[in-house]
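Before any comments, here is the structure.
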Amino acid sequence: MLTLIALILFFAIFGKLIGFALRLGWGIFKIALYLVFCPAVILFMIFSGLIYVALPILIIVGIAGLFKRA
């Protein structure tokens, strides 16, 4: 009986740690996406001649960033 209680508590704590690790990993992924991947895509679009597509995206993101801070 004591073993069963220990196993239940072990899996409860282990489950919380897995949930914490997934939330932490998702947060790190979002930061990496916003700081590395998005600017790289915009720069690639600018250098490959897609300035007509990249410029409206930059304007929309800039306006959204201004409203988000307010």
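As shown in the structure tokens, the chain order sets the letters A, B, ...; within each chain, residues go from 1, and ligands are also counted from 1 in the order they appear.
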
So which residues touch Pro39 in chain A within 12 Å, counting only C-alpha atoms, skipping near sequence neighbours fewer than 4 positions away, as a ChimeraX atom specification?
/A:32-35,43-46,54,57-58,61

d(CA of Leu24 in chain A, CA of Ala6 in chain A) in Å
26.9 Å

By how many Å are CA of Gly27 in chain A and CA of Ala12 in chain A apart?
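Answer for the CA of Gly27 in chain A to CA of Ala12 in chain A separation: 22.9 Å.
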
Counting only C-alpha atoms, the residue of A:Leu7, A:Leu17, A:Ile42, A:Met1 that sits nearest Ile59 in chain A
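Smallest separation from Ile59 in chain A among the options: A:Ile42.
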